[in-house]
file start-v3.txt (compact mmCIF, C-alpha atoms and all ligand atoms)
# COMPACT_ATOMS: atom_id res chain seq x y z
CA MET A 1 -55.89 41.81 9.51
CA VAL A 2 -52.87 41.56 11.77
CA SER A 3 -53.05 38.46 13.92
CA LEU A 4 -51.16 35.56 15.42
CA GLN A 5 -52.68 33.26 12.83
CA LEU A 6 -50.23 31.74 10.33
CA GLU A 7 -52.60 30.39 7.67
CA GLY A 8 -50.92 29.94 4.29
CA ARG A 9 -47.43 30.15 5.75
CA THR A 10 -44.82 27.38 5.61
CA VAL A 11 -42.49 27.12 8.58
CA VAL A 12 -39.52 24.82 9.18
CA VAL A 13 -38.67 23.87 12.77
CA THR A 14 -35.42 22.03 13.57
CA GLY A 15 -34.94 19.69 16.51
CA ALA A 16 -38.71 19.30 16.62
CA GLY A 17 -38.76 15.75 17.92
CA GLN A 18 -39.08 16.65 21.58
CA GLY A 19 -38.82 19.49 24.08
CA GLN A 20 -39.20 23.05 22.89
CA GLY A 21 -39.05 22.19 19.17
CA ALA A 22 -41.99 19.79 19.43
CA ALA A 23 -44.03 22.40 21.33
CA GLU A 24 -43.17 25.04 18.73
CA ALA A 25 -44.16 22.73 15.85
CA ARG A 26 -47.47 21.89 17.54
CA LEU A 27 -48.34 25.51 18.37
CA LEU A 28 -47.42 26.82 14.90
CA ALA A 29 -49.58 24.12 13.26
CA GLU A 30 -52.41 25.02 15.63
CA ALA A 31 -51.97 28.63 14.49
CA GLY A 32 -52.66 27.44 10.94
CA ALA A 33 -49.15 27.09 9.49
CA ARG A 34 -47.89 24.27 7.31
CA VAL A 35 -45.12 23.12 9.64
CA ILE A 36 -42.20 21.05 8.39
CA ALA A 37 -40.91 19.56 11.62
CA THR A 38 -37.41 18.09 11.39
CA ASP A 39 -35.15 16.03 13.62
CA LEU A 40 -32.54 13.28 13.54
CA THR A 41 -34.83 10.25 13.46
CA ALA A 42 -36.11 8.71 10.23
CA ASP A 43 -39.70 8.57 11.45
CA ALA A 44 -41.77 11.28 13.10
CA PRO A 45 -41.08 11.19 16.86
CA ALA A 46 -43.91 10.53 19.29
CA GLY A 47 -43.61 14.07 20.66
CA LEU A 48 -45.36 15.40 17.58
CA ALA A 49 -48.27 12.98 17.72
CA ASP A 50 -50.62 15.03 19.87
CA ALA A 51 -50.71 18.04 17.55
CA SER A 52 -54.12 19.19 16.42
CA PRO A 53 -53.54 21.54 13.50
CA ALA A 54 -56.17 24.22 13.08
CA LEU A 55 -58.15 24.45 9.87
CA GLY A 56 -55.56 24.97 7.14
CA GLY A 57 -52.67 23.99 9.40
CA GLU A 58 -50.58 20.92 8.73
CA LEU A 59 -47.72 19.09 10.43
CA LEU A 60 -45.25 17.24 8.21
CA TYR A 61 -42.06 15.50 9.30
CA ARG A 62 -38.66 15.23 7.55
CA ARG A 63 -35.36 13.85 8.81
CA LEU A 64 -32.66 16.55 9.03
CA ASP A 65 -29.30 16.70 10.77
CA VAL A 66 -28.77 20.46 10.97
CA SER A 67 -24.99 20.10 10.85
CA ASP A 68 -25.18 18.42 7.42
CA ALA A 69 -25.13 20.90 4.53
CA SER A 70 -26.37 18.28 2.05
CA GLY A 71 -29.35 17.58 4.31
CA TRP A 72 -30.31 21.26 4.16
CA SER A 73 -30.01 21.39 0.36
CA GLY A 74 -32.10 18.20 0.15
CA LEU A 75 -34.78 19.81 2.30
CA ALA A 76 -34.71 23.01 0.25
CA GLY A 77 -35.03 20.98 -2.98
CA TRP A 78 -37.96 19.01 -1.57
CA ILE A 79 -39.76 22.22 -0.54
CA ARG A 80 -39.08 23.83 -3.93
CA SER A 81 -40.31 20.74 -5.79
CA ARG A 82 -43.68 21.20 -4.09
CA GLY A 83 -43.91 24.78 -5.22
CA TRP A 84 -43.82 26.15 -1.69
CA GLN A 85 -41.91 29.13 -0.41
CA VAL A 86 -40.60 29.31 3.14
CA ASP A 87 -42.14 31.92 5.43
CA GLY A 88 -40.50 30.90 8.68
CA LEU A 89 -37.51 29.05 10.07
CA VAL A 90 -36.99 28.17 13.72
CA ASN A 91 -33.38 27.18 14.35
CA ASN A 92 -34.19 25.33 17.55
CA ALA A 93 -31.98 22.22 17.36
CA GLY A 94 -29.26 22.39 19.94
CA ILE A 95 -27.07 20.21 22.10
CA THR A 96 -25.47 20.89 25.42
CA GLN A 97 -22.01 20.00 26.61
CA ARG A 98 -21.19 20.34 30.27
CA SER A 99 -17.38 20.31 30.44
CA ARG A 100 -15.78 23.12 32.46
CA LEU A 101 -13.20 25.71 31.39
CA LEU A 102 -10.03 23.75 32.10
CA ASP A 103 -11.38 20.41 30.90
CA ALA A 104 -13.11 21.33 27.65
CA SER A 105 -11.51 19.74 24.60
CA MET A 106 -11.44 21.03 21.05
CA ALA A 107 -13.74 18.12 20.20
CA ASP A 108 -16.27 19.39 22.79
CA LEU A 109 -16.11 22.86 21.29
CA GLN A 110 -16.44 21.57 17.73
CA LYS A 111 -19.37 19.30 18.55
CA VAL A 112 -21.59 22.03 20.02
CA TYR A 113 -20.44 24.55 17.44
CA ASP A 114 -21.41 22.20 14.57
CA VAL A 115 -25.00 21.96 15.79
CA ASN A 116 -25.68 25.21 17.64
CA VAL A 117 -23.87 27.62 15.32
CA ALA A 118 -23.11 25.95 11.97
CA GLY A 119 -26.55 24.26 12.01
CA SER A 120 -28.27 27.65 12.20
CA LEU A 121 -26.01 29.24 9.58
CA LEU A 122 -26.59 26.37 7.15
CA GLY A 123 -30.34 26.68 7.68
CA ILE A 124 -30.31 30.40 6.97
CA GLN A 125 -28.16 29.89 3.88
CA ALA A 126 -30.33 27.11 2.46
CA LEU A 127 -33.80 28.40 3.25
CA SER A 128 -33.47 32.18 2.95
CA LEU A 129 -33.22 31.54 -0.81
CA LEU A 130 -36.83 30.32 -0.66
CA MET A 131 -38.03 33.25 1.45
CA GLY A 132 -39.75 36.41 0.34
CA SER A 133 -40.56 39.69 2.05
CA GLY A 134 -42.40 39.05 5.32
CA ALA A 135 -40.53 35.88 6.19
CA SER A 136 -39.19 35.46 9.71
CA ILE A 137 -36.30 33.50 11.22
CA VAL A 138 -36.08 32.72 14.92
CA ASN A 139 -32.84 31.45 16.40
CA VAL A 140 -32.95 29.74 19.77
CA GLY A 141 -30.15 30.99 21.97
CA SER A 142 -29.96 30.62 25.74
CA VAL A 143 -29.37 32.59 28.91
CA ALA A 144 -25.96 30.94 28.52
CA GLY A 145 -25.43 33.34 25.60
CA LEU A 146 -26.19 36.32 27.82
CA THR A 147 -24.12 35.36 30.84
CA ALA A 148 -20.98 33.56 32.02
CA HIS A 149 -22.79 30.24 32.20
CA TYR A 150 -20.45 27.52 33.49
CA PRO A 151 -20.40 24.98 30.57
CA VAL A 152 -17.84 26.79 28.45
CA ALA A 153 -18.31 25.15 25.03
CA TYR A 154 -22.09 25.47 25.13
CA THR A 155 -21.86 29.05 26.40
CA ALA A 156 -19.39 30.05 23.69
CA SER A 157 -21.64 28.50 21.03
CA LYS A 158 -24.68 30.48 22.17
CA TRP A 159 -22.69 33.75 22.27
CA ALA A 160 -21.54 32.95 18.71
CA LEU A 161 -25.13 32.35 17.66
CA ARG A 162 -25.99 35.89 18.79
CA GLY A 163 -23.37 37.28 16.42
CA LEU A 164 -24.68 35.17 13.58
CA SER A 165 -28.24 36.35 14.28
CA GLN A 166 -27.29 40.01 14.22
CA VAL A 167 -25.39 39.68 10.94
CA ALA A 168 -28.32 37.80 9.41
CA ALA A 169 -30.78 40.48 10.59
CA MET A 170 -28.62 43.16 8.99
CA GLU A 171 -28.05 41.31 5.71
CA LEU A 172 -31.57 39.95 5.21
CA GLY A 173 -33.46 43.04 6.38
CA PRO A 174 -33.36 44.73 2.96
CA ARG A 175 -35.17 41.67 1.56
CA GLY A 176 -37.91 42.04 4.19
CA ILE A 177 -36.73 38.97 6.11
CA ARG A 178 -36.63 39.38 9.89
CA VAL A 179 -34.20 37.55 12.19
CA ASN A 180 -34.65 37.45 15.96
CA THR A 181 -33.34 35.40 18.86
CA VAL A 182 -35.10 33.98 21.90
CA HIS A 183 -33.02 33.13 24.94
CA PRO A 184 -34.71 30.47 27.08
CA GLY A 185 -33.82 30.18 30.75
CA PHE A 186 -34.46 26.99 32.69
CA ILE A 187 -37.13 25.19 30.66
CA GLU A 188 -38.45 21.72 31.56
CA THR A 189 -37.39 19.49 28.65
CA PRO A 190 -35.49 16.21 28.16
CA MET A 191 -32.32 18.37 27.95
CA THR A 192 -32.75 19.63 31.52
CA ALA A 193 -34.39 16.51 32.94
CA GLY A 194 -30.97 15.16 33.90
CA ALA A 195 -29.78 18.38 35.58
CA LYS A 196 -28.35 17.96 39.07
CA PRO A 197 -30.62 19.09 41.95
CA GLU A 198 -27.93 21.65 42.84
CA PHE A 199 -28.20 23.17 39.35
CA ARG A 200 -31.96 23.35 39.56
CA GLN A 201 -31.92 24.93 43.01
CA ALA A 202 -29.21 27.48 42.20
CA THR A 203 -30.87 28.44 38.91
CA LEU A 204 -34.27 28.95 40.49
CA ALA A 205 -32.64 31.11 43.18
CA GLU A 206 -31.42 33.38 40.34
CA THR A 207 -34.82 33.47 38.66
CA PRO A 208 -37.10 36.29 39.86
CA LEU A 209 -40.25 34.39 38.89
CA GLY A 210 -38.95 31.58 41.12
CA ARG A 211 -39.83 28.67 38.85
CA SER A 212 -38.76 26.90 35.69
CA GLY A 213 -40.49 27.61 32.38
CA SER A 214 -42.56 25.35 30.18
CA VAL A 215 -42.01 24.56 26.52
CA GLU A 216 -45.30 26.27 25.70
CA GLU A 217 -44.01 29.52 27.21
CA VAL A 218 -41.12 29.55 24.75
CA ALA A 219 -43.33 28.47 21.84
CA GLY A 220 -45.66 31.42 22.43
CA VAL A 221 -42.84 33.93 21.95
CA VAL A 222 -41.66 32.07 18.84
CA LEU A 223 -45.20 32.27 17.42
CA PHE A 224 -45.27 36.02 18.06
CA LEU A 225 -41.92 36.47 16.27
CA LEU A 226 -43.14 34.46 13.26
CA SER A 227 -46.41 36.37 13.03
CA PRO A 228 -47.11 39.73 11.41
CA LEU A 229 -47.70 41.16 14.91
CA SER A 230 -43.90 41.50 15.18
CA SER A 231 -43.48 42.91 11.64
CA PHE A 232 -41.10 45.73 12.71
CA VAL A 233 -39.04 43.57 15.09
CA THR A 234 -35.72 42.34 13.78
CA GLY A 235 -32.30 41.92 15.33
CA ALA A 236 -34.02 41.61 18.71
CA GLU A 237 -33.09 39.25 21.50
CA ILE A 238 -35.87 38.21 23.84
CA PRO A 239 -35.05 36.36 27.06
CA VAL A 240 -37.75 33.85 27.98
CA ASP A 241 -36.19 33.14 31.34
CA GLY A 242 -38.39 34.32 34.20
CA GLY A 243 -36.04 37.29 34.63
CA GLN A 244 -32.88 35.23 35.16
CA SER A 245 -30.65 37.26 32.84
CA GLY A 246 -32.10 40.68 33.62
CA HIS A 247 -30.61 41.40 37.05
CA GLY A 248 -26.97 40.90 36.13
CA GLY A 249 -26.20 38.96 39.29
CA ALA A 250 -27.80 41.47 41.64
CA LYS A 251 -30.57 39.15 42.84
CA SER A 252 -28.44 37.46 45.51
CA VAL A 253 -27.57 40.92 46.90
CA SER A 254 -31.22 41.94 46.90
CA ASP A 255 -32.24 38.66 48.55
CA ALA A 256 -29.51 38.99 51.19
CA LEU A 257 -30.78 42.44 52.23
CA ARG A 258 -34.44 41.54 52.62
N1 LIG B 1 -34.19 23.38 28.09
C1 LIG B 1 -33.59 24.48 28.49
O1 LIG B 1 -33.58 24.81 29.68
C2 LIG B 1 -32.87 25.37 27.49
C3 LIG B 1 -32.36 26.57 27.97
C4 LIG B 1 -31.75 27.43 27.09
C5 LIG B 1 -31.66 27.12 25.76
N2 LIG B 1 -32.14 25.94 25.30
C6 LIG B 1 -32.03 25.69 23.87
O2 LIG B 1 -33.31 25.39 23.36
C7 LIG B 1 -33.20 24.50 22.24
C8 LIG B 1 -34.08 23.30 22.47
O3 LIG B 1 -33.68 22.68 23.68
P1 LIG B 1 -34.51 21.55 24.41
O4 LIG B 1 -34.35 21.78 25.86
O5 LIG B 1 -35.86 21.40 23.82
O6 LIG B 1 -33.58 20.30 24.06
P2 LIG B 1 -33.89 18.76 23.85
O7 LIG B 1 -32.58 18.06 24.03
O8 LIG B 1 -35.02 18.33 24.69
O9 LIG B 1 -34.31 18.69 22.29
C9 LIG B 1 -33.38 19.05 21.30
C10 LIG B 1 -33.77 18.37 20.00
O10 LIG B 1 -32.77 18.71 19.03
C11 LIG B 1 -32.46 17.55 18.30
N3 LIG B 1 -31.11 17.62 17.75
C12 LIG B 1 -29.92 17.50 18.39
N4 LIG B 1 -28.91 17.53 17.52
C13 LIG B 1 -29.48 17.70 16.29
C14 LIG B 1 -28.95 17.80 14.99
N5 LIG B 1 -27.63 17.73 14.74
N6 LIG B 1 -29.81 17.96 13.96
C15 LIG B 1 -31.15 18.01 14.19
N7 LIG B 1 -31.71 17.92 15.40
C16 LIG B 1 -30.87 17.75 16.44
C17 LIG B 1 -32.60 16.41 19.30
O11 LIG B 1 -32.78 15.17 18.61
C18 LIG B 1 -33.81 16.84 20.09
O12 LIG B 1 -35.02 16.36 19.55
C19 LIG B 1 -31.71 24.19 22.12
O13 LIG B 1 -31.13 25.04 21.16
C20 LIG B 1 -31.17 24.50 23.50
O14 LIG B 1 -29.79 24.83 23.48
C21 LIG B 1 -32.74 25.05 26.14
call {"tool": "encode", "arguments": {"input": "start-v3.txt", "output": "structure tokens", "more": "lines below"}}
Ligand SMILES: NC(=O)c1ccc[n+]([C@@H]2O[C@H](COP(=O)([O-])OP(=O)(O)OC[C@H]3O[C@@H](n4cnc5c(N)ncnc54)[C@H](O)[C@@H]3O)[C@@H](O)[C@H]2O)c1
result
Amino acid sequence: MVSLQLEGRTVVVTGAGQGQGAAEARLLAEAGARVIATDLTADAPAGLADASPALGGELLYRRLDVSDASGWSGLAGWIRSRGWQVDGLVNNAGITQRSRLLDASMADLQKVYDVNVAGSLLGIQALSLLMGSGASIVNVGSVAGLTAHYPVAYTASKWALRGLSQVAAMELGPRGIRVNTVHPGFIETPMTAGAKPEFRQATLAETPLGRSGSVEEVAGVVLFLLSPLSSFVTGAEIPVDGGQSGHGGAKSVSDALR
């Protein structure tokens, strides 16, 4: 039966301590998956505490810095030692960096690149070895990767992640492993909690649905991409942004002519 249920499947989620990653870990466990939630802290963060895994589902926690190759091989070894294979990977961990074009330093660029791009590549390299046909990888991009978003280092990293995703979809497809990208718009998380009111107002003005999104609204699309319901979807990029990236800047024109 084709369904959104993930019983018997093992899924790794990075950056799962809070925000979107925590919501994804909770939802995937509720859908019946064995979820290995990972983040920077030694102990499981509080954001994972309210999960209620469905029958057969499970939520485990492991420390993992996604920019550390040895951390990834340690995680892969731990999974292998338990006799599990990996059926899903959500490369969700990400950091932002708000410097502008003429101020961004090489250190700014390197820092976001290490987490947002290298972190995802290392994850694919380490865990695809434990994947079989039917496995699914979801990379978490951003509307920044679809537009000329103002924070240049972050924006460049998310555009780079799109390239990585497409190469991975091409290379892993023959093994039956799918790779897709979700591009969240303005989602209410600790990352955006500190956004200036001007940013919030201007972003919502560009968002046809006229509101910010919730972490659950991103998690739902991630669940779909990990499930057999999306079994012929690979190399796809799905904005989860209330329409922000779809109008190509034409919304202000449309609004002005009402
Ligand atoms: N919130 C938004 O509006 C928004 C919009 C577009 C894209 N995104 C993307 O969605 C993803 C999740 O964002 P969020 O808003 O939930 O962010 P968040 O800051 O609330 O959570 C990110 C998590 O990633 C973890 N993390 C950071 N560096 C890490 C590392 N090196 N190794 C492992 N974990 C690390 C953090 O500890 C944190 O728990 C990110 O990739 C982000 O770029 C967010």
call {"tool": "closest_residue", "arguments": {"input": "start-v3.txt", "among": "A:Trp84, A:Asn91, A:Gly8, A:Gly248", "to": "Thr38 in chain A", "atoms": "all atoms listed in the file"}}
result
A:Asn91
call {"tool": "residues_around", "arguments": {"input": "start-v3.txt", "residues": "Gly163 in chain A", "least_positions_apart": "2", "cutoff": "12 Å", "atoms": "all atoms listed in the file", "output": "list of chain:residue names"}}
result
A:Val117, A:Ser120, A:Leu121, A:Asn139, A:Gly141, A:Gly145, A:Leu146, A:Ala156, A:Ser157, A:Lys158, A:Trp159, A:Ala160, A:Leu161, A:Ser165, A:Gln166, A:Val167, A:Ala168, A:Ala169, A:Met170, A:Val179, A:Asn180, A:Thr181, A:Gly235, A:Ala236, A:Glu237
call {"tool": "closest_residue", "arguments": {"input": "start-v3.txt", "among": "A:Val90, A:Ala16, A:Leu257, A:Leu109", "to": "Val138 in chain A", "atoms": "all atoms listed in the file"}}
result
A:Val90
call {"tool": "atom_distance", "arguments": {"input": "start-v3.txt", "atom1": "atom C11 of ligand LIG 1 (chain B)", "atom2": "CA of Gly94 in chain A"}}
result
6.0 Å
call {"tool": "residues_around", "arguments": {"input": "start-v3.txt", "residues": "Arg100 in chain A", "least_positions_apart": "3", "cutoff": "6 Å", "atoms": "all atoms listed in the file", "output": "list in words"}}
result
Asp103, Ala104, Pro151 and Val152 of chain A
call {"tool": "residues_around", "arguments": {"input": "start-v3.txt", "residues": "Ile137 in chain A", "least_positions_apart": "3", "cutoff": "12 Å", "atoms": "all atoms listed in the file", "output": "PyMOL selection string"}}
result
chain A and resi 10-14+86-92+120-121+123-125+127-128+131-134+140+164-166+168-169+172-173+176-182+222-227+230-231+233-236
call {"tool": "decode", "arguments": {"input": "start-v3.txt", "residues": "range 167-181 of chain A", "atoms": "N, CA, C and O atoms", "output": "CSV table (one decimal), in the first residue's frame"}}
result
chain,number,residue,atom,x,y,z
A,167,VAL,N,23.2,17.4,-8.8
A,167,VAL,CA,24.2,16.4,-9.1
A,167,VAL,C,23.9,15.1,-8.3
A,167,VAL,O,24.0,14.0,-8.9
A,168,ALA,N,23.5,15.2,-7.0
A,168,ALA,CA,23.2,14.0,-6.2
A,168,ALA,C,22.1,13.3,-6.8
A,168,ALA,O,22.1,12.0,-6.9
A,169,ALA,N,21.0,14.0,-7.3
A,169,ALA,CA,19.9,13.3,-7.9
A,169,ALA,C,20.3,12.5,-9.1
A,169,ALA,O,19.8,11.4,-9.3
A,170,MET,N,21.1,13.1,-9.9
A,170,MET,CA,21.6,12.5,-11.1
A,170,MET,C,22.4,11.3,-10.8
A,170,MET,O,22.3,10.2,-11.4
A,171,GLU,N,23.4,11.4,-9.9
A,171,GLU,CA,24.3,10.3,-9.6
A,171,GLU,C,23.7,9.2,-8.8
A,171,GLU,O,24.1,8.0,-8.9
A,172,LEU,N,22.7,9.5,-7.9
A,172,LEU,CA,22.2,8.5,-7.0
A,172,LEU,C,20.9,7.8,-7.6
A,172,LEU,O,20.5,6.8,-7.1
A,173,GLY,N,20.3,8.5,-8.6
A,173,GLY,CA,19.1,7.9,-9.2
A,173,GLY,C,19.2,6.5,-9.7
A,173,GLY,O,18.4,5.7,-9.4
A,174,PRO,N,20.4,6.1,-10.4
A,174,PRO,CA,20.5,4.7,-10.8
A,174,PRO,C,20.5,3.7,-9.7
A,174,PRO,O,20.2,2.5,-9.9
A,175,ARG,N,20.8,4.2,-8.5
A,175,ARG,CA,20.7,3.3,-7.3
A,175,ARG,C,19.3,3.3,-6.6
A,175,ARG,O,19.1,2.7,-5.6
A,176,GLY,N,18.4,4.0,-7.2
A,176,GLY,CA,17.0,4.1,-6.7
A,176,GLY,C,16.9,5.1,-5.5
A,176,GLY,O,16.0,5.0,-4.8
A,177,ILE,N,17.9,5.9,-5.4
A,177,ILE,CA,17.9,6.9,-4.3
A,177,ILE,C,17.5,8.3,-4.8
A,177,ILE,O,18.1,8.8,-5.8
A,178,ARG,N,16.4,8.8,-4.2
A,178,ARG,CA,15.9,10.1,-4.7
A,178,ARG,C,16.5,11.3,-3.9
A,178,ARG,O,16.8,11.1,-2.7
A,179,VAL,N,16.7,12.4,-4.6
A,179,VAL,CA,17.2,13.6,-3.9
A,179,VAL,C,16.4,14.8,-4.3
A,179,VAL,O,16.3,15.1,-5.5
A,180,ASN,N,15.7,15.5,-3.4
A,180,ASN,CA,14.9,16.6,-3.7
A,180,ASN,C,15.2,17.8,-2.7
A,180,ASN,O,15.9,17.5,-1.7
A,181,THR,N,14.8,18.9,-3.1
A,181,THR,CA,15.1,20.1,-2.2
A,181,THR,C,13.8,20.9,-1.9
A,181,THR,O,12.9,21.0,-2.8
